[in-house]
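**Q** start23.json is the file, holding JSON, C-alpha atoms:
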```
[["chain", "number", "residue", "atom", "x", "y", "z"],
["A", 1, "MET", "CA", -55.90, 9.86, -49.78],
["A", 2, "GLU", "CA", -59.09, 11.63, -50.84],
["A", 3, "LEU", "CA", -62.24, 12.14, -48.87],
["A", 4, "PRO", "CA", -64.93, 9.65, -49.90],
["A", 5, "GLN", "CA", -66.97, 10.92, -52.83],
["A", 6, "GLY", "CA", -70.62, 10.36, -53.69],
["A", 7, "MET", "CA", -71.84, 9.54, -50.20],
["A", 8, "SER", "CA", -74.72, 12.04, -50.27],
["A", 9, "ARG", "CA", -75.92, 10.52, -53.55],
["A", 10, "ILE", "CA", -75.79, 7.01, -52.04],
["A", 11, "MET", "CA", -77.88, 8.28, -49.11],
["A", 12, "GLU", "CA", -80.74, 9.26, -51.45],
["A", 13, "VAL", "CA", -83.23, 6.66, -50.25],
["A", 14, "SER", "CA", -86.95, 6.94, -49.81],
["A", 15, "THR", "CA", -89.70, 5.29, -47.84],
["A", 16, "GLN", "CA", -90.12, 3.06, -50.92],
["A", 17, "SER", "CA", -86.64, 1.60, -50.39],
["A", 18, "SER", "CA", -86.26, -1.93, -49.12],
["A", 19, "SER", "CA", -84.37, -2.99, -46.03],
["A", 20, "ALA", "CA", -81.79, -4.56, -48.35],
["A", 21, "ASP", "CA", -81.31, -1.18, -50.06],
["A", 22, "LEU", "CA", -80.73, 0.49, -46.71],
["A", 23, "ASP", "CA", -78.40, -2.32, -45.65],
["A", 24, "ARG", "CA", -76.24, -1.60, -48.73],
["A", 25, "VAL", "CA", -76.35, 2.14, -47.96],
["A", 26, "GLY", "CA", -75.29, 1.43, -44.38],
["A", 27, "ALA", "CA", -72.38, -0.73, -45.55],
["A", 28, "ALA", "CA", -71.21, 1.99, -47.94],
["A", 29, "LEU", "CA", -71.44, 4.62, -45.21],
["A", 30, "ALA", "CA", -69.51, 2.42, -42.77],
["A", 31, "ALA", "CA", -66.77, 1.97, -45.37],
["A", 32, "ALA", "CA", -66.66, 5.75, -45.94],
["A", 33, "LYS", "CA", -66.45, 6.33, -42.19],
["A", 34, "ASP", "CA", -63.46, 3.96, -42.03],
["A", 35, "GLN", "CA", -61.81, 5.81, -44.94],
["A", 36, "VAL", "CA", -62.23, 9.12, -43.09],
["A", 37, "ARG", "CA", -60.66, 7.65, -39.92],
["A", 38, "GLU", "CA", -57.76, 6.27, -41.96],
["A", 39, "ALA", "CA", -57.25, 9.63, -43.68],
["A", 40, "LEU", "CA", -57.01, 11.31, -40.28],
["A", 41, "GLN", "CA", -54.49, 8.70, -39.15],
["A", 42, "ASP", "CA", -52.47, 9.17, -42.37],
["A", 43, "LEU", "CA", -52.48, 12.92, -41.84],
["A", 44, "THR", "CA", -51.30, 12.75, -38.22],
["A", 45, "GLY", "CA", -49.53, 9.35, -38.06],
["A", 46, "ALA", "CA", -45.95, 10.63, -38.18],
["A", 47, "ALA", "CA", -46.58, 13.06, -35.35],
["A", 48, "MET", "CA", -48.27, 10.27, -33.38],
["A", 49, "GLU", "CA", -45.20, 8.05, -33.60],
["A", 50, "GLY", "CA", -43.17, 10.82, -31.93],
["A", 51, "ILE", "CA", -45.84, 11.26, -29.27],
["A", 52, "ILE", "CA", -45.82, 7.52, -28.52],
["A", 53, "GLU", "CA", -42.05, 7.68, -28.12],
["A", 54, "LYS", "CA", -42.39, 10.58, -25.68],
["A", 55, "LEU", "CA", -45.01, 8.67, -23.67],
["A", 56, "GLU", "CA", -42.81, 5.57, -23.59],
["A", 57, "ASN", "CA", -39.96, 7.74, -22.25],
["A", 58, "ARG", "CA", -42.35, 9.28, -19.67],
["A", 59, "GLU", "CA", -41.86, 12.75, -21.13],
["A", 60, "SER", "CA", -44.55, 15.39, -20.79],
["A", 61, "LEU", "CA", -46.71, 16.18, -23.80],
["A", 62, "THR", "CA", -47.28, 19.67, -25.12],
["A", 63, "PRO", "CA", -50.88, 20.93, -25.44],
["A", 64, "GLU", "CA", -50.65, 20.38, -29.21],
["A", 65, "GLU", "CA", -49.50, 16.78, -28.70],
["A", 66, "LYS", "CA", -52.35, 16.19, -26.26],
["A", 67, "ASP", "CA", -54.72, 17.50, -28.95],
["A", 68, "TYR", "CA", -53.33, 14.93, -31.40],
["A", 69, "VAL", "CA", -53.87, 12.18, -28.84],
["A", 70, "ARG", "CA", -57.37, 13.51, -28.17],
["A", 71, "SER", "CA", -58.20, 13.48, -31.90],
["A", 72, "TRP", "CA", -57.13, 9.84, -32.18],
["A", 73, "ILE", "CA", -58.83, 8.55, -29.04],
["A", 74, "VAL", "CA", -62.01, 10.62, -28.65],
["A", 75, "GLY", "CA", -62.09, 12.92, -31.68],
["A", 76, "ASP", "CA", -64.88, 10.86, -33.22],
["A", 77, "ALA", "CA", -66.96, 11.13, -30.06],
["A", 78, "GLU", "CA", -66.34, 14.87, -29.69],
["A", 79, "SER", "CA", -67.37, 15.49, -33.29],
["A", 80, "TYR", "CA", -70.48, 13.34, -32.89],
["A", 81, "LEU", "CA", -71.58, 15.28, -29.80],
["A", 82, "ARG", "CA", -71.05, 18.57, -31.67],
["A", 83, "VAL", "CA", -73.24, 17.59, -34.62],
["A", 84, "GLU", "CA", -75.87, 15.41, -32.93],
["A", 85, "ASN", "CA", -78.99, 17.44, -32.26],
["A", 86, "HIS", "CA", -81.62, 14.81, -31.42],
["A", 87, "LEU", "CA", -80.91, 14.12, -27.75],
["A", 88, "GLN", "CA", -83.73, 16.28, -26.40],
["A", 89, "ALA", "CA", -86.19, 14.79, -28.90],
["A", 90, "TRP", "CA", -85.07, 11.27, -27.91],
["A", 91, "LEU", "CA", -85.56, 12.09, -24.23],
["A", 92, "ARG", "CA", -89.05, 13.46, -24.92],
["A", 93, "GLU", "CA", -89.91, 10.41, -27.03],
["A", 94, "PHE", "CA", -88.62, 8.07, -24.33],
["A", 95, "LYS", "CA", -90.79, 9.84, -21.73],
["A", 96, "ALA", "CA", -93.83, 9.51, -24.04],
["A", 97, "LEU", "CA", -93.06, 5.82, -24.52],
["A", 98, "GLN", "CA", -92.82, 5.43, -20.73],
["A", 99, "SER", "CA", -96.34, 6.87, -20.48],
["A", 100, "ALA", "CA", -97.54, 4.50, -23.19],
["A", 101, "VAL", "CA", -96.06, 1.51, -21.34],
["A", 102, "ARG", "CA", -97.65, 2.73, -18.12],
["A", 103, "SER", "CA", -101.05, 2.84, -19.83],
["A", 104, "TYR", "CA", -100.87, -0.95, -20.34],
["A", 105, "GLU", "CA", -100.21, -1.66, -16.67],
["A", 106, "GLY", "CA", -103.26, -3.33, -15.16],
["A", 107, "GLN", "CA", -104.97, -3.85, -18.52],
["A", 108, "GLU", "CA", -106.44, -7.15, -19.57],
["A", 109, "VAL", "CA", -103.97, -9.64, -21.02],
["A", 110, "SER", "CA", -105.15, -10.00, -24.59],
["A", 111, "ALA", "CA", -103.46, -10.58, -27.93],
["A", 112, "PRO", "CA", -104.11, -7.01, -29.15],
["A", 113, "ASN", "CA", -102.81, -5.48, -25.91],
["A", 114, "LEU", "CA", -99.71, -7.70, -25.96],
["A", 115, "LEU", "CA", -98.99, -6.89, -29.60],
["A", 116, "ASN", "CA", -99.41, -3.16, -29.03],
["A", 117, "LEU", "CA", -97.25, -3.23, -25.91],
["A", 118, "HIS", "CA", -94.63, -5.21, -27.83],
["A", 119, "ALA", "CA", -94.56, -2.47, -30.51],
["A", 120, "VAL", "CA", -94.18, 0.28, -27.90],
["A", 121, "LEU", "CA", -91.37, -1.63, -26.17],
["A", 122, "GLU", "CA", -89.61, -2.17, -29.50],
["A", 123, "ASP", "CA", -89.66, 1.57, -30.08],
["A", 124, "ALA", "CA", -88.47, 2.20, -26.51],
["A", 125, "VAL", "CA", -85.52, -0.16, -27.04],
["A", 126, "ARG", "CA", -84.54, 1.78, -30.18],
["A", 127, "VAL", "CA", -84.76, 5.18, -28.46],
["A", 128, "ALA", "CA", -82.90, 3.90, -25.37],
["A", 129, "ALA", "CA", -80.08, 2.68, -27.64],
["A", 130, "GLU", "CA", -79.81, 6.13, -29.27],
["A", 131, "ILE", "CA", -79.63, 7.84, -25.87],
["A", 132, "GLU", "CA", -77.17, 5.25, -24.59],
["A", 133, "GLY", "CA", -74.88, 5.77, -27.58],
["A", 134, "PHE", "CA", -74.87, 9.52, -27.04],
["A", 135, "LEU", "CA", -74.14, 9.18, -23.31],
["A", 136, "GLU", "CA", -71.45, 6.55, -23.91],
["A", 137, "LYS", "CA", -69.55, 8.96, -26.13],
["A", 138, "LYS", "CA", -69.92, 11.76, -23.59],
["A", 139, "GLU", "CA", -68.65, 9.53, -20.77],
["A", 140, "ARG", "CA", -65.75, 8.30, -22.95],
["A", 141, "ILE", "CA", -64.65, 11.91, -23.45],
["A", 142, "GLU", "CA", -64.90, 12.61, -19.71],
["A", 143, "ARG", "CA", -62.76, 9.54, -18.88],
["A", 144, "PHE", "CA", -60.20, 10.60, -21.47],
["A", 145, "GLU", "CA", -60.03, 14.15, -20.08],
["A", 146, "LYS", "CA", -59.27, 12.79, -16.60],
["A", 147, "THR", "CA", -56.56, 10.52, -17.98],
["A", 148, "ILE", "CA", -54.85, 13.10, -20.21],
["A", 149, "GLN", "CA", -54.63, 15.83, -17.54],
["A", 150, "THR", "CA", -52.00, 14.06, -15.48],
["A", 151, "ILE", "CA", -50.70, 11.03, -17.31],
["A", 152, "ASP", "CA", -49.33, 8.53, -14.80],
["A", 153, "GLN", "CA", -47.54, 5.31, -15.77],
["A", 154, "GLU", "CA", -50.77, 3.32, -15.98],
["A", 155, "GLY", "CA", -52.49, 6.01, -18.04],
["A", 156, "ALA", "CA", -49.50, 6.33, -20.35],
["A", 157, "SER", "CA", -49.43, 2.57, -20.93],
["A", 158, "PHE", "CA", -53.15, 2.58, -21.69],
["A", 159, "ILE", "CA", -52.83, 5.48, -24.14],
["A", 160, "ILE", "CA", -49.76, 3.93, -25.80],
["A", 161, "GLY", "CA", -51.67, 0.68, -26.31],
["A", 162, "ILE", "CA", -54.59, 2.44, -27.98],
["A", 163, "LEU", "CA", -52.37, 4.57, -30.21],
["A", 164, "LYS", "CA", -50.16, 1.66, -31.28],
["A", 165, "GLY", "CA", -53.25, -0.42, -32.02],
["A", 166, "GLN", "CA", -54.57, 2.32, -34.27],
["A", 167, "LEU", "CA", -51.21, 2.72, -36.02],
["A", 168, "GLN", "CA", -51.06, -1.03, -36.65],
["A", 169, "SER", "CA", -54.63, -1.15, -37.98],
["A", 170, "GLU", "CA", -53.65, 1.62, -40.38],
["A", 171, "GLU", "CA", -50.76, -0.47, -41.74],
["A", 172, "VAL", "CA", -52.84, -3.59, -42.32]]
```
Hey, can you dump this file as structure tokens for me?

**A**
Amino acid sequence: MELPQGMSRIMEVSTQSSSADLDRVGAALAAAKDQVREALQDLTGAAMEGIIEKLENRESLTPEEKDYVRSWIVGDAESYLRVENHLQAWLREFKALQSAVRSYEGQEVSAPNLLNLHAVLEDAVRVAAEIEGFLEKKERIERFEKTIQTIDQEGASFIIGILKGQLQSEEV
């Protein structure tokens, strides 16, 4: 399997692009992201089958095997946190939006005020979703790290279920 080609060219959009254009770009990028995930699973799938067998037999995993499990379960989140560099800007923007919302408190209820407040809240929803996505990935990694340190029977069953699900989705 090859890495997806031409993605940077597809991403060449401008402010003159339509929402439909960006929707098509988003669909192409989502497909490329799935291809990358599948390539990773193809590359490490055979090793993962042996790891699943060890977990089913309640055998301890080596550090390398734990790294394989990590790459399958939270590797996407770890990579995202490494490359994402907007969190501080999002937090600043959210604080500024909080101030903007506060400025409407106690103002006269009028159509212009309601429309402007609506716009500020729409922006705040978008920024909150970006921050939430970042934090969700960070928390997912933290939960995984707790689970992988000392894998008990419940943790092993949970990990086995995730890994088998990913192996089956690869075969479909």

**Q** Would you mind telling me which residue in A:Ser18, A:Gln5, A:Gln166, A:Gln107 lies nearest to Met48 of chain A when using only C-alpha atoms?

**A**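 Among the listed residues, the smallest separation from Met48 of chain A belongs to A:Gln166.
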
**Q** To one decimal place in Å, what is the distance between atom CA of Gly155 of chain A and atom CA of Glu56 of chain A?

**A**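 About the pair atom CA of Gly155 of chain A and atom CA of Glu56 of chain A: they are 11.2 Å apart.
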
**Q** Find, counting only C-alpha atoms, the residue in A:Val83, A:Ala119, A:Val127, A:Leu61 that gets nearest to Thr150 of chain A.

**A** A:Leu61

**Q** What separation in Å, quoted to one decimal, exists between atom CA of Leu87 of chain A and atom CA of Leu135 of chain A?

**A**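 If I compute the distance from atom CA of Leu87 of chain A to atom CA of Leu135 of chain A, I get 9.5 Å.
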
**Q** Counting all atoms listed in the file, which residue out of A:Gly6, A:Ile141, A:Ile160, A:Asp152 sits closest to Arg70 of chain A?

**A** A:Ile141

**Q** Just to confirm, what's the straight-line distance from atom CA of Lys146 of chain A to atom CA of Thr44 of chain A in Å (one decimal)?

**A**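 Atom CA of Thr44 of chain A lies at a distance of 23.0 Å from atom CA of Lys146 of chain A.
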
**Q** Which neighbours of Gln149 of chain A fall inside 12 Å, counting all atoms listed in the file, when residues of the same chain fewer than 4 positions from it are skipped, and could you give them as a list of chain:residue names?

**A** A:Ser60, A:Leu61, A:Thr62, A:Pro63, A:Lys66, A:Asp67, A:Val69, A:Arg70, A:Glu142, A:Arg143, A:Phe144, A:Glu145, A:Gly155, A:Ala156

**Q** Give the centre and edge lengths of an axis-aligned box, in Å to one decimal, that holds all listed atoms of segment 130-142 of chain A with 5 Å on each side, as JSON.

**A**
```
{"center_x": -72.2, "center_y": 8.9, "center_z": -24.5, "size_x": 25.2, "size_y": 17.4, "size_z": 19.6}
```

**Q** Could you list, as number ranges by chain, every residue within 10 Å of segment 162-164 of chain A, counting all atoms listed in the file and ignoring same-chain residues fewer than 6 positions away?

**A** A: 45, 48-49, 51-52, 69, 72-73, 156, 170

**Q** Choose the residue, out of A:Lys54, A:Arg126, A:Arg37, A:His86, that has the smallest atom-to-atom separation from Ser71 of chain A; count only C-alpha atoms.

**A**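 The answer is A:Arg37, which sits nearest to Ser71 of chain A.
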
**Q** Between A:Lys137, A:Glu132, A:Glu64, A:Ala89, which residue has the minimum interatomic distance to Ala77 of chain A, considering all atoms listed in the file?

**A**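 Selected residue with least distance to Ala77 of chain A: A:Lys137.
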
**Q** From the list A:Trp90, A:Ala30, A:Glu53, A:Arg9, which residue is nearest Glu130 of chain A when using only C-alpha atoms?

**A**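 With only C-alpha atoms as the atom set, the closest residue is A:Trp90.
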
**Q** Do you know which residues are at most 7 Å from Leu117 of chain A counting all atoms listed in the file, after dropping those on the same chain fewer than 4 positions away, and could you put them as a CSV table (one decimal) with C-alpha atoms, in the frame of the given file?

**A**
```csv
chain,number,residue,atom,x,y,z
A,101,VAL,CA,-96.1,1.5,-21.3
A,113,ASN,CA,-102.8,-5.5,-25.9
A,121,LEU,CA,-91.4,-1.6,-26.2
```
